[in-house]
>>> print(open('input.txt').read())   # compact mmCIF, C-alpha atoms and all ligand atoms
# COMPACT_ATOMS: atom_id res chain seq x y z
CA MET A 8 60.66 66.51 -28.85
CA LEU A 9 58.61 67.93 -26.00
CA SER A 10 60.94 69.03 -23.22
CA THR A 11 60.61 70.41 -19.71
CA LEU A 12 63.04 72.74 -17.98
CA ILE A 13 62.79 73.91 -14.37
CA TYR A 14 64.99 76.50 -12.70
CA ARG A 15 64.89 78.77 -9.69
CA SER A 16 66.46 82.20 -9.30
CA HIS A 17 66.77 85.20 -7.01
CA ILE A 18 65.06 88.50 -7.82
CA THR A 19 67.47 91.41 -8.28
CA GLU A 20 67.27 94.04 -5.57
CA HIS A 21 66.10 97.08 -7.54
CA VAL A 22 63.26 95.33 -9.43
CA GLN A 23 59.85 96.91 -8.72
CA LEU A 24 57.46 94.14 -7.80
CA GLU A 25 54.57 95.90 -9.63
CA THR A 26 56.43 95.30 -12.92
CA LEU A 27 56.13 91.52 -12.62
CA ASN A 28 52.64 91.44 -14.14
CA ASP A 29 54.01 93.36 -17.07
CA LEU A 30 56.87 90.87 -17.38
CA ALA A 31 54.36 88.01 -17.38
CA ARG A 32 52.15 89.70 -20.02
CA LYS A 33 55.07 90.17 -22.40
CA ALA A 34 56.40 86.67 -21.75
CA ASN A 35 52.91 85.30 -22.38
CA LYS A 36 52.94 86.74 -25.90
CA ILE A 37 56.42 85.45 -26.69
CA ASN A 38 55.71 82.01 -25.26
CA LYS A 39 52.49 81.71 -27.26
CA SER A 40 54.27 82.56 -30.47
CA SER A 41 57.01 79.99 -29.80
CA ASP A 42 54.64 77.25 -28.52
CA VAL A 43 56.12 77.37 -24.99
CA THR A 44 54.27 77.10 -21.67
CA GLY A 45 55.74 78.96 -18.71
CA ILE A 46 54.51 78.49 -15.15
CA LEU A 47 56.18 81.11 -13.00
CA LEU A 48 55.99 81.15 -9.19
CA PHE A 49 57.28 84.04 -7.09
CA ASN A 50 57.62 84.05 -3.29
CA GLY A 51 58.84 87.61 -2.76
CA THR A 52 62.52 86.69 -3.13
CA HIS A 53 62.79 83.72 -5.45
CA PHE A 54 61.37 82.76 -8.80
CA PHE A 55 60.60 79.19 -9.76
CA GLN A 56 59.72 78.49 -13.35
CA LEU A 57 58.65 75.47 -15.33
CA LEU A 58 59.03 75.80 -19.10
CA GLU A 59 57.51 73.27 -21.46
CA GLY A 60 57.53 73.03 -25.24
CA PRO A 61 59.56 71.94 -28.24
CA GLU A 62 63.17 71.49 -27.10
CA ALA A 63 64.69 74.18 -29.33
CA ALA A 64 62.02 76.74 -28.36
CA VAL A 65 62.47 76.04 -24.61
CA LYS A 66 66.25 76.39 -24.97
CA ALA A 67 65.88 79.70 -26.82
CA VAL A 68 63.51 81.16 -24.21
CA TYR A 69 65.70 79.92 -21.35
CA SER A 70 68.87 81.39 -22.81
CA ARG A 71 67.15 84.82 -22.95
CA ILE A 72 65.88 84.35 -19.40
CA CYS A 73 69.45 83.56 -18.25
CA GLN A 74 70.61 86.94 -19.57
CA ASP A 75 67.82 88.89 -17.85
CA PRO A 76 69.23 91.28 -15.22
CA ARG A 77 65.95 91.23 -13.25
CA HIS A 78 67.11 88.05 -11.55
CA HIS A 79 70.37 86.23 -10.74
CA ASN A 80 71.70 82.99 -9.20
CA LEU A 81 69.77 80.89 -11.70
CA VAL A 82 69.98 77.21 -10.77
CA GLU A 83 68.75 74.67 -13.27
CA LEU A 84 66.86 71.96 -11.39
CA LEU A 85 65.51 69.71 -14.13
CA ARG A 86 65.80 69.15 -17.87
CA ASP A 87 63.63 66.29 -19.04
CA TYR A 88 61.35 64.96 -21.76
CA ALA A 89 57.66 64.22 -21.51
CA PRO A 90 54.97 62.58 -23.65
CA ALA A 91 52.57 65.49 -23.16
CA ARG A 92 52.50 68.95 -21.61
CA ARG A 93 51.62 69.07 -17.96
CA PHE A 94 50.21 72.52 -18.47
CA GLY A 95 48.49 72.38 -21.84
CA HIS A 96 47.78 76.05 -22.36
CA VAL A 97 50.62 77.72 -24.12
CA GLY A 98 51.69 81.09 -22.78
CA MET A 99 52.62 82.25 -19.32
CA GLU A 100 50.97 82.14 -15.90
CA LEU A 101 52.34 83.96 -12.87
CA PHE A 102 51.46 82.75 -9.35
CA ASP A 103 52.39 85.09 -6.53
CA LEU A 104 52.85 83.07 -3.34
CA ARG A 105 52.63 86.19 -1.18
CA LEU A 106 48.97 86.72 -2.03
CA HIS A 107 47.55 83.35 -1.00
CA ASP A 108 48.31 80.53 1.38
CA GLN A 109 50.36 77.57 0.17
CA GLU A 110 47.38 75.24 -0.17
CA THR A 111 45.44 77.67 -2.36
CA VAL A 112 48.41 78.38 -4.62
CA LEU A 113 49.13 74.70 -5.03
CA GLU A 114 45.49 74.00 -5.85
CA SER A 115 45.27 76.77 -8.40
CA VAL A 116 48.54 75.69 -10.06
CA LEU A 117 47.39 72.08 -10.21
CA GLU A 118 44.04 73.19 -11.62
CA LYS A 119 45.95 74.36 -14.67
CA CYS A 120 47.33 70.87 -15.09
CA THR A 121 45.98 69.25 -18.21
CA THR A 122 47.30 65.69 -18.12
CA LYS A 123 45.50 63.26 -15.90
CA TYR A 124 48.36 60.79 -15.35
CA GLN A 125 50.82 63.16 -13.77
CA MET A 126 48.21 64.04 -11.20
CA THR A 127 47.85 60.39 -10.25
CA TYR A 128 51.40 59.06 -10.54
CA ALA A 129 54.59 60.52 -9.15
CA ASP A 130 55.98 63.17 -11.44
CA ARG A 131 59.31 64.86 -10.69
CA ALA A 132 58.35 68.17 -12.23
CA LEU A 133 55.24 68.48 -10.09
CA GLN A 134 57.19 67.37 -7.01
CA PHE A 135 59.67 70.20 -7.62
CA LEU A 136 56.77 72.60 -7.89
CA ARG A 137 55.21 71.37 -4.65
CA THR A 138 58.56 71.58 -2.84
CA PHE A 139 58.99 75.20 -3.90
CA VAL A 140 55.46 76.18 -2.85
CA GLU A 141 55.97 74.52 0.53
CA ALA A 142 59.42 76.18 0.85
CA ARG A 143 60.96 72.86 1.84
CA GLU A 144 64.40 73.30 0.24
CA LYS A 145 64.95 76.91 1.20
CA GLU A 146 68.03 76.30 3.35
CA ASN A 147 69.85 75.20 0.19
CA TYR A 148 69.19 78.43 -1.74
CA PHE A 149 72.52 80.20 -1.46
CA GLU A 150 72.70 83.87 -2.33
CA ILE A 151 75.99 84.14 -4.20
CA PRO A 152 77.33 87.68 -4.61
CA ALA A 153 78.29 88.76 -8.14
CA ALA A 154 81.77 87.65 -9.21
CA SER A 155 82.52 91.28 -10.02
CA GLY A 156 82.41 92.00 -6.27
CA TRP A 157 85.72 90.18 -5.79
CA THR A 158 89.20 90.82 -6.95
CA PHE A 159 91.92 88.17 -6.88
CA ILE A 160 95.27 89.54 -5.84
CA ARG A 161 98.44 87.55 -6.47
CA ASN A 162 100.83 87.52 -3.57
CA GLU A 163 104.16 87.30 -5.40
CA THR A 164 106.10 86.98 -2.13
CA GLU A 165 104.63 83.51 -1.67
CA GLN A 166 106.20 82.24 -4.87
CA ARG A 167 108.62 79.39 -4.23
CA GLU A 168 111.34 78.02 -6.42
CA GLY A 169 112.58 74.45 -6.38
CA ASP A 170 115.69 73.23 -8.13
CA ALA A 171 115.41 72.24 -11.80
CA ALA A 172 118.94 70.85 -11.60
CA LEU A 173 117.67 68.06 -9.33
CA VAL A 174 116.16 66.42 -12.38
CA ALA A 175 118.23 64.70 -15.10
CA ALA A 176 117.17 65.26 -18.73
CA ASP A 177 115.56 61.82 -19.09
CA GLU A 178 113.81 61.92 -15.72
CA VAL A 179 110.31 62.91 -14.69
CA SER A 180 109.82 66.18 -12.87
CA PHE A 181 107.05 67.68 -10.77
CA ALA A 182 104.81 70.70 -11.02
CA PHE A 183 103.43 71.88 -7.68
CA GLN A 184 99.95 73.27 -7.16
CA PRO A 185 98.72 74.71 -3.86
CA ILE A 186 95.56 73.60 -2.09
CA VAL A 187 94.32 76.72 -0.32
CA ASP A 188 91.96 77.93 2.37
CA PRO A 189 91.00 81.30 0.81
CA PHE A 190 89.30 82.76 3.89
CA ALA A 191 92.30 82.03 6.08
CA CYS A 192 94.61 83.10 3.21
CA GLU A 193 96.59 79.97 3.83
CA ILE A 194 98.25 77.36 1.65
CA VAL A 195 97.32 74.13 3.41
CA SER A 196 98.99 71.70 1.08
CA LEU A 197 101.02 71.33 -2.11
CA GLU A 198 100.19 68.69 -4.65
CA ALA A 199 103.13 67.28 -6.60
CA LEU A 200 101.95 66.62 -10.16
CA LEU A 201 104.14 64.36 -12.27
CA ARG A 202 105.36 65.57 -15.67
CA GLY A 203 107.19 63.35 -18.16
CA PRO A 204 110.76 64.16 -19.39
CA GLN A 205 109.22 66.28 -22.19
CA GLY A 206 106.68 67.87 -19.89
CA GLU A 207 103.96 65.33 -20.77
CA SER A 208 100.99 64.58 -18.55
CA PRO A 209 101.26 61.39 -16.43
CA LEU A 210 98.68 59.71 -18.68
CA ASP A 211 100.74 60.29 -21.84
CA TYR A 212 104.01 59.41 -20.17
CA PHE A 213 102.73 56.26 -18.45
CA ALA A 214 101.18 55.04 -21.72
CA ARG A 215 104.73 54.59 -23.14
CA LEU A 216 105.87 52.32 -20.30
CA THR A 217 105.50 48.56 -19.83
CA ARG A 218 103.46 47.38 -16.85
CA GLU A 219 106.58 46.61 -14.77
CA GLN A 220 108.24 49.92 -15.64
CA LEU A 221 105.05 51.78 -14.85
CA TYR A 222 104.85 50.85 -11.17
CA GLN A 223 108.60 51.20 -10.63
CA VAL A 224 108.69 54.65 -12.25
CA ASP A 225 105.56 55.72 -10.39
CA LEU A 226 107.14 54.83 -7.05
CA ARG A 227 110.75 55.92 -7.69
CA SER A 228 109.65 59.30 -9.08
CA LYS A 229 108.55 60.24 -5.56
CA LYS A 230 112.23 60.56 -4.59
CA ILE A 231 112.32 63.66 -6.82
CA ALA A 232 109.01 64.94 -5.45
CA PHE A 233 110.32 64.76 -1.86
CA ALA A 234 113.67 66.36 -2.77
CA GLN A 235 111.89 69.18 -4.61
CA ALA A 236 109.48 69.65 -1.71
CA LYS A 237 112.40 70.08 0.67
CA LYS A 238 113.83 72.80 -1.60
CA LEU A 239 110.45 74.52 -1.70
CA GLY A 240 110.25 74.53 2.10
CA ILE A 241 106.96 72.99 3.17
CA GLU A 242 107.04 73.36 6.94
CA GLY A 243 103.53 73.54 8.32
CA MET A 244 102.01 72.23 5.09
CA THR A 245 101.26 68.79 3.82
CA LEU A 246 102.58 67.37 0.58
CA SER A 247 100.20 65.40 -1.62
CA ILE A 248 101.66 62.83 -3.96
CA ASN A 249 99.77 60.66 -6.43
CA LEU A 250 100.31 56.93 -6.59
CA LEU A 251 98.74 54.30 -8.79
CA PRO A 252 96.96 51.97 -6.34
CA MET A 253 98.63 48.94 -7.85
CA THR A 254 102.10 50.42 -7.30
CA LEU A 255 101.71 49.63 -3.61
CA VAL A 256 100.56 46.12 -4.46
CA GLU A 257 103.04 45.31 -7.24
CA VAL A 258 106.30 46.81 -5.95
CA PRO A 259 107.68 44.98 -2.91
CA ASP A 260 108.62 47.29 -0.03
CA ALA A 261 107.00 50.32 -1.68
CA VAL A 262 106.02 51.79 1.69
CA SER A 263 109.58 51.39 3.07
CA PHE A 264 110.92 53.12 -0.04
CA LEU A 265 108.59 56.07 0.54
CA LEU A 266 109.50 56.29 4.23
CA ASP A 267 113.26 56.16 3.52
CA GLU A 268 113.04 58.87 0.86
CA MET A 269 110.95 61.10 3.13
CA ALA A 270 113.44 60.67 5.96
CA ALA A 271 116.31 61.49 3.57
CA GLN A 272 114.67 64.88 2.92
CA GLY A 273 113.73 65.56 6.53
CA LEU A 274 110.01 65.03 5.92
CA VAL A 275 107.77 63.21 8.37
CA PRO A 276 105.10 60.69 7.25
CA GLU A 277 102.35 62.73 8.96
CA GLN A 278 103.18 65.52 6.52
CA VAL A 279 102.56 63.38 3.44
CA MET A 280 99.25 62.47 1.90
CA VAL A 281 98.91 59.89 -0.84
CA GLU A 282 96.16 60.46 -3.39
CA PHE A 283 94.51 57.58 -5.21
CA THR A 284 91.92 57.67 -7.94
CA GLU A 285 88.79 55.75 -7.11
CA ASN A 286 88.23 53.98 -10.44
CA GLU A 287 91.69 52.40 -10.28
CA ILE A 288 91.09 51.10 -6.78
CA ILE A 289 88.04 49.02 -7.49
CA SER A 290 89.81 46.61 -9.84
CA GLN A 291 91.58 44.85 -6.90
CA PRO A 292 90.03 46.13 -3.70
CA GLU A 293 91.38 43.48 -1.31
CA ALA A 294 95.01 43.88 -2.41
CA PHE A 295 94.66 47.62 -2.27
CA GLU A 296 93.14 47.61 1.20
CA ALA A 297 96.05 45.52 2.49
CA ALA A 298 98.52 48.00 1.00
CA ILE A 299 96.87 51.05 2.51
CA ARG A 300 96.92 49.44 5.95
CA GLN A 301 100.73 49.64 5.69
CA LEU A 302 100.58 53.31 4.65
CA LYS A 303 98.28 54.17 7.53
CA ALA A 304 100.41 52.20 9.98
CA ALA A 305 103.38 54.31 8.91
CA GLY A 306 101.49 57.57 9.59
CA ILE A 307 100.90 58.57 5.96
CA SER A 308 97.40 59.85 5.25
CA LEU A 309 95.15 58.99 2.37
CA ALA A 310 93.03 61.00 -0.05
CA LEU A 311 90.59 59.78 -2.68
CA ASP A 312 91.14 61.78 -5.84
CA ASP A 313 88.57 62.56 -8.55
CA PHE A 314 85.77 61.54 -6.17
CA GLY A 315 82.48 61.11 -7.98
CA ALA A 316 84.05 60.64 -11.42
CA GLY A 317 84.65 56.90 -11.28
CA PHE A 318 82.40 53.96 -10.76
CA ALA A 319 82.71 53.21 -7.07
CA GLY A 320 81.43 56.54 -5.73
CA LEU A 321 79.88 56.62 -2.33
CA SER A 322 79.89 52.85 -1.95
CA LEU A 323 83.69 52.93 -1.82
CA LEU A 324 83.40 54.81 1.48
CA THR A 325 81.80 51.72 3.02
CA ARG A 326 85.14 49.92 2.53
CA ILE A 327 87.81 52.60 2.74
CA GLN A 328 87.61 55.78 4.77
CA PRO A 329 90.30 58.16 3.53
CA ASP A 330 91.39 61.21 5.52
CA LYS A 331 90.28 63.45 2.66
CA ILE A 332 88.35 63.27 -0.54
CA LYS A 333 88.84 65.53 -3.53
CA ILE A 334 85.61 66.15 -5.40
CA ASP A 335 86.10 65.69 -9.12
CA ARG A 336 86.14 68.79 -11.29
CA ALA A 337 83.29 67.43 -13.42
CA ILE A 338 80.98 67.92 -10.41
CA ILE A 339 82.57 71.24 -9.42
CA SER A 340 82.39 72.91 -12.82
CA ASP A 341 79.40 75.33 -12.97
CA VAL A 342 78.08 73.99 -9.64
CA HIS A 343 76.45 77.38 -8.93
CA LYS A 344 74.10 76.84 -11.91
CA SER A 345 73.24 73.17 -11.51
CA GLY A 346 70.64 71.69 -9.14
CA PRO A 347 71.86 68.10 -9.62
CA LYS A 348 75.51 69.04 -8.89
CA GLN A 349 74.45 70.99 -5.80
CA ALA A 350 72.40 68.07 -4.50
CA ILE A 351 75.33 65.67 -4.99
CA ILE A 352 77.75 68.00 -3.21
CA HIS A 353 75.37 68.45 -0.28
CA ALA A 354 75.17 64.65 -0.02
CA ILE A 355 78.95 64.22 -0.22
CA LEU A 356 79.47 66.89 2.45
CA LYS A 357 76.90 65.36 4.76
CA CYS A 358 78.39 61.93 4.35
CA CYS A 359 81.96 63.16 4.87
CA ALA A 360 80.93 65.16 7.95
CA SER A 361 79.45 62.02 9.49
CA LEU A 362 82.68 60.16 8.76
CA GLU A 363 85.01 63.08 9.73
CA ILE A 364 86.53 63.06 6.25
CA GLY A 365 87.92 66.38 5.00
CA VAL A 366 86.72 67.66 1.63
CA ILE A 367 88.75 69.44 -1.04
CA ALA A 368 87.12 70.88 -4.15
CA GLU A 369 89.40 70.65 -7.17
CA GLY A 370 89.31 72.29 -10.57
CA ILE A 371 87.98 75.64 -9.35
CA GLU A 372 88.05 78.13 -12.21
CA GLN A 373 85.23 80.59 -11.53
CA PRO A 374 84.65 82.82 -8.49
CA GLU A 375 80.98 81.68 -8.39
CA GLU A 376 82.02 78.03 -8.02
CA TRP A 377 84.22 78.92 -5.06
CA MET A 378 81.53 81.12 -3.44
CA TRP A 379 78.82 78.48 -3.79
CA LEU A 380 81.10 75.80 -2.32
CA GLU A 381 82.16 78.03 0.61
CA ALA A 382 78.47 78.65 1.32
CA ALA A 383 77.89 74.89 1.27
CA GLY A 384 80.68 74.36 3.79
CA VAL A 385 83.81 73.53 1.76
CA THR A 386 86.94 75.32 3.00
CA GLN A 387 89.79 73.86 0.94
CA PHE A 388 90.19 74.48 -2.78
CA GLN A 389 92.52 73.77 -5.65
CA GLY A 390 92.29 75.26 -9.09
CA PHE A 391 93.42 77.83 -11.64
CA LEU A 392 91.29 80.52 -9.96
CA PHE A 393 93.80 80.54 -7.09
CA SER A 394 97.02 79.12 -8.51
CA GLU A 395 98.26 77.11 -11.46
CA PRO A 396 100.70 74.19 -11.25
CA GLU A 397 104.26 75.35 -11.76
CA LEU A 398 107.13 73.14 -12.87
CA ASN A 399 109.79 72.80 -10.15
CA GLY A 400 108.15 75.54 -8.13
CA VAL A 401 105.02 77.09 -6.66
CA ALA A 402 103.29 79.98 -8.42
CA ALA A 403 101.92 82.98 -6.50
CA VAL A 404 98.43 82.43 -5.07
CA ALA A 405 95.65 84.85 -6.06
CA TRP A 406 93.75 85.53 -2.83
CA PRO A 407 90.17 86.86 -3.04
CA GLU A 408 89.43 90.32 -1.69
CA LEU A 409 86.09 92.10 -1.61
CA ILE A 410 86.09 95.22 -3.79
N1 LIG A 501 60.41 85.68 -21.41
C1 LIG A 501 59.76 84.80 -22.19
O1 LIG A 501 59.71 84.98 -23.41
N2 LIG A 501 59.15 83.72 -21.65
C2 LIG A 501 59.20 83.44 -20.32
O2 LIG A 501 58.62 82.45 -19.90
C3 LIG A 501 59.90 84.34 -19.48
N3 LIG A 501 60.00 84.13 -18.16
C4 LIG A 501 60.72 84.98 -17.37
C5 LIG A 501 60.88 84.73 -16.01
C6 LIG A 501 61.64 85.57 -15.21
C7 LIG A 501 61.79 85.28 -13.75
C8 LIG A 501 62.24 86.71 -15.78
C9 LIG A 501 63.06 87.63 -14.91
C10 LIG A 501 62.09 86.97 -17.11
C11 LIG A 501 61.33 86.14 -17.94
N4 LIG A 501 61.18 86.39 -19.29
C12 LIG A 501 60.50 85.49 -20.08
C13 LIG A 501 61.70 87.59 -19.91
C14 LIG A 501 62.96 87.30 -20.71
O3 LIG A 501 64.05 87.30 -19.84
C15 LIG A 501 63.17 88.36 -21.81
O4 LIG A 501 63.14 89.64 -21.27
C16 LIG A 501 62.10 88.27 -22.87
O5 LIG A 501 62.07 86.96 -23.40
C17 LIG A 501 62.34 89.26 -24.01
O6 LIG A 501 63.56 89.03 -24.60
P1 LIG A 501 64.43 90.20 -25.15
O7 LIG A 501 64.57 91.17 -24.02
O8 LIG A 501 65.72 89.58 -25.58
O9 LIG A 501 63.62 90.75 -26.29
>>> encode(input="input.txt", output="C-alpha cells")
Amino acid sequence: MLSTLIYRSHITEHVQLETLNDLARKANKINKSSDVTGILLFNGTHFFQLLEGPEAAVKAVYSRICQDPRHHNLVELLRDYAPARRFGHVGMELFDLRLHDQETVLESVLEKCTTKYQMTYADRALQFLRTFVEAREKENYFEIPAASGWTFIRNETEQREGDAALVAADEVSFAFQPIVDPFACEIVSLEALLRGPQGESPLDYFARLTREQLYQVDLRSKKIAFAQAKKLGIEGMTLSINLLPMTLVEVPDAVSFLLDEMAAQGLVPEQVMVEFTENEIISQPEAFEAAIRQLKAAGISLALDDFGAGFAGLSLLTRIQPDKIKIDRAIISDVHKSGPKQAIIHAILKCCASLEIGVIAEGIEQPEEWMWLEAAGVTQFQGFLFSEPELNGVAAVAWPELI
C-alpha cells in the first residue's frame, strides 16, 4: 500500500551545511532503488521531510533516518495512506529555505507535485509542507537536550516507611507513589494505590467482588489509606485517593465516612484529593455531579484521572471542572516523538490554563518525555522515572541533575 510519512527534526550542531547536498545525492540513489520519494526541506535549523512509497520501504528508510546522528528531536507528524504519490518522481529532492523566499520555495516544491487533485482539494500532507515553509508552528518546536545530559539521583533520606502491621492479612493495603515537581525538587503529593490482600491490582481484586461489596470495600479501604498516610507524615503535601465514581452515589453517607476517617488521622479535607476516572463517570453523570458537590462542599478537591483515555475527553470539562487533571500515560508515552500527541497536549494545557485547572503528567518513564512536557509547561509529574509505588511506604525519589 502506498504510504506517506512526514517528520521534522533538528540538525545536529557539528554538521557542516555543505555536506547536505552530498546527503541528498546518496539518499536519492537509495530512495530510487527502494521506490521511495523523499522531499526534504531545510531552514538552517530544522529539517522537514515527506517520504512516500510502499509502506515497508518507507518504514525501512525512516528507521535508518531515525538512527542518523546528523539530526535529533525527530517528531513524526503524519503517517497516512494515499491513492497516488503527490511527488511522482522517485528519489530525493532537497529544498534549502535559506536560499530563496518562502513564496519561491513553495512554488518550486509544488511544481514537483504530480497529482492534480491534491493541488485542488485540501490535502493534509501539503498543508504540513506549507506550514513548515511559512514557519507557522515554530513556537512548538522544542529543543530537547539529550537524555544522556541528565543523571537521576535517588535521595534515600526522603524514603518513608508506613506500618505494615496496620493491615490485617485479609485486608487491602496501599502502595504510595509521589507526584513530584522536579525543578523545585519537591514531592507535591502522594497517591495511595490500592493493592488486594495478595498484592493484586485494584482491577483484579475488584473483579472478585459483588457490586455491593465493591463500593463498600472501595470506600472503607480509605480508612487504611488515611492511617498509613498519617504514619508516612504528609504535612505540606496532598494525599490523592482513588474512588469509583459510583461509590459516592451508591454508599449512603460516603462523604461523611471520608471526613470522619480523615479527622481520626488528623488530616484536613483540603489536604485530600479524590481521583476519578473519566470513562466511569459518564455512565451516570447527573448522580455523579450531585455526589461531587458534597465532596467540594466539604473542602475535598477533585482530579480527573487517565484524562484523554476514555470517551468523554474534553467535553467532560464542559460539565465538571476538576481542580486537576492527570493526562493518561497513553498520551504521555513517547510524546517527544509524536506530532499528534504533542498537539493534543498543547490543546489540553491551553484549555486547562483557561479554566485554571492544574495538570499532572502520569506514567513518565523516559527523560525525554519529562523534558518535552516541562518545555510545554507541565510542572507536576508521576512515573517510574522519578519514583515507583512502594507498598506501605514511599520509595526514594530520583531527582534530575544536569551532568
Ligand atoms: N537516506 C535515505 O535513504 N533516504 C532519505 O530520504 C534520507 N533522508 C534523510 C534526511 C535527513 C534529514 C538525514 C539527516 C538523513 C537522511 N538520509 C536518508 C540518510 C539516512 O539517515 C542514512 O544515512 C542512509 O539511508 C544510509 O543508511 P546507512 O548509513 O545505514 O547505510
>>> atom_distance(input="input.txt", atom1="CA of Gln74 in chain A", atom2="CA of Val342 in chain A")
17.9 Å
>>> residues_around(input="input.txt", residues="Thr158 in chain A", least_positions_apart="5", cutoff="8 Å", atoms="only C-alpha atoms", output="PDB file with C-alpha atoms, keeping the file's coordinate frame")
ATOM      1  CA  PRO A 407      90.170  86.860  -3.040  1.00  0.00           C
ATOM      2  CA  GLU A 408      89.430  90.320  -1.690  1.00  0.00           C
ATOM      3  CA  LEU A 409      86.090  92.100  -1.610  1.00  0.00           C
ATOM      4  CA  ILE A 410      86.090  95.220  -3.790  1.00  0.00           C
TER       5      ILE A 410
END
>>> residues_near_ligand(input="input.txt", ligand="ligand LIG 501 (chain A)", cutoff="8 Å", atoms="only C-alpha atoms and all ligand atoms", output="PDB file with C-alpha atoms, keeping the file's coordinate frame")
ATOM      1  CA  SER A  16      66.460  82.200  -9.300  1.00  0.00           C
ATOM      2  CA  ILE A  18      65.060  88.500  -7.820  1.00  0.00           C
ATOM      3  CA  LEU A  30      56.870  90.870 -17.380  1.00  0.00           C
ATOM      4  CA  ALA A  31      54.360  88.010 -17.380  1.00  0.00           C
ATOM      5  CA  LYS A  33      55.070  90.170 -22.400  1.00  0.00           C
ATOM      6  CA  ALA A  34      56.400  86.670 -21.750  1.00  0.00           C
ATOM      7  CA  ASN A  35      52.910  85.300 -22.380  1.00  0.00           C
ATOM      8  CA  LYS A  36      52.940  86.740 -25.900  1.00  0.00           C
ATOM      9  CA  ILE A  37      56.420  85.450 -26.690  1.00  0.00           C
ATOM     10  CA  ASN A  38      55.710  82.010 -25.260  1.00  0.00           C
ATOM     11  CA  VAL A  43      56.120  77.370 -24.990  1.00  0.00           C
ATOM     12  CA  THR A  44      54.270  77.100 -21.670  1.00  0.00           C
ATOM     13  CA  GLY A  45      55.740  78.960 -18.710  1.00  0.00           C
ATOM     14  CA  ILE A  46      54.510  78.490 -15.150  1.00  0.00           C
ATOM     15  CA  LEU A  47      56.180  81.110 -13.000  1.00  0.00           C
ATOM     16  CA  PHE A  54      61.370  82.760  -8.800  1.00  0.00           C
ATOM     17  CA  PHE A  55      60.600  79.190  -9.760  1.00  0.00           C
ATOM     18  CA  GLN A  56      59.720  78.490 -13.350  1.00  0.00           C
ATOM     19  CA  LEU A  58      59.030  75.800 -19.100  1.00  0.00           C
ATOM     20  CA  VAL A  68      63.510  81.160 -24.210  1.00  0.00           C
ATOM     21  CA  TYR A  69      65.700  79.920 -21.350  1.00  0.00           C
ATOM     22  CA  ARG A  71      67.150  84.820 -22.950  1.00  0.00           C
ATOM     23  CA  ILE A  72      65.880  84.350 -19.400  1.00  0.00           C
ATOM     24  CA  CYS A  73      69.450  83.560 -18.250  1.00  0.00           C
ATOM     25  CA  GLN A  74      70.610  86.940 -19.570  1.00  0.00           C
ATOM     26  CA  ASP A  75      67.820  88.890 -17.850  1.00  0.00           C
ATOM     27  CA  PRO A  76      69.230  91.280 -15.220  1.00  0.00           C
ATOM     28  CA  ARG A  77      65.950  91.230 -13.250  1.00  0.00           C
ATOM     29  CA  HIS A  78      67.110  88.050 -11.550  1.00  0.00           C
ATOM     30  CA  GLY A  98      51.690  81.090 -22.780  1.00  0.00           C
ATOM     31  CA  MET A  99      52.620  82.250 -19.320  1.00  0.00           C
TER      32      MET A  99
END
>>> residues_around(input="input.txt", residues="range 247-250 of chain A", least_positions_apart="4", cutoff="10 Å", atoms="only C-alpha atoms", output="ChimeraX atom specification")
/A:181,183-186,196-201,222,225-226,228-229,232-233,254-255,278-284,308-312
>>> atom_distance(input="input.txt", atom1="CA of Ala234 in chain A", atom2="CA of Gln166 in chain A")
17.7 Å
>>> atom_distance(input="input.txt", atom1="CA of Pro329 in chain A", atom2="CA of Leu239 in chain A")
26.5 Å
>>> closest_residue(input="input.txt", among="A:Val275, A:Ile13, A:Ala305, A:Ile194", to="Thr386 in chain A", atoms="only C-alpha atoms")
A:Ile194
>>> residues_near_point(input="input.txt", point="(82.5, 55.4, 0.6)", cutoff="12 Å", atoms="all atoms listed in the file", output="list in words")
Glu285, Ile289, Ala310, Leu311, Phe314, Gly315, Phe318, Ala319, Gly320, Leu321, Ser322, Leu323, Leu324, Thr325, Arg326, Ile327, Gln328, Pro329, Asp330, Lys331, Ile332, Ala354, Ile355, Cys358, Cys359, Ser361, Leu362 and Ile364 of chain A
>>> closest_residue(input="input.txt", among="A:Thr52, A:Thr122, A:Gln387, A:Asn80", to="Arg92 in chain A", atoms="only C-alpha atoms")
A:Thr122
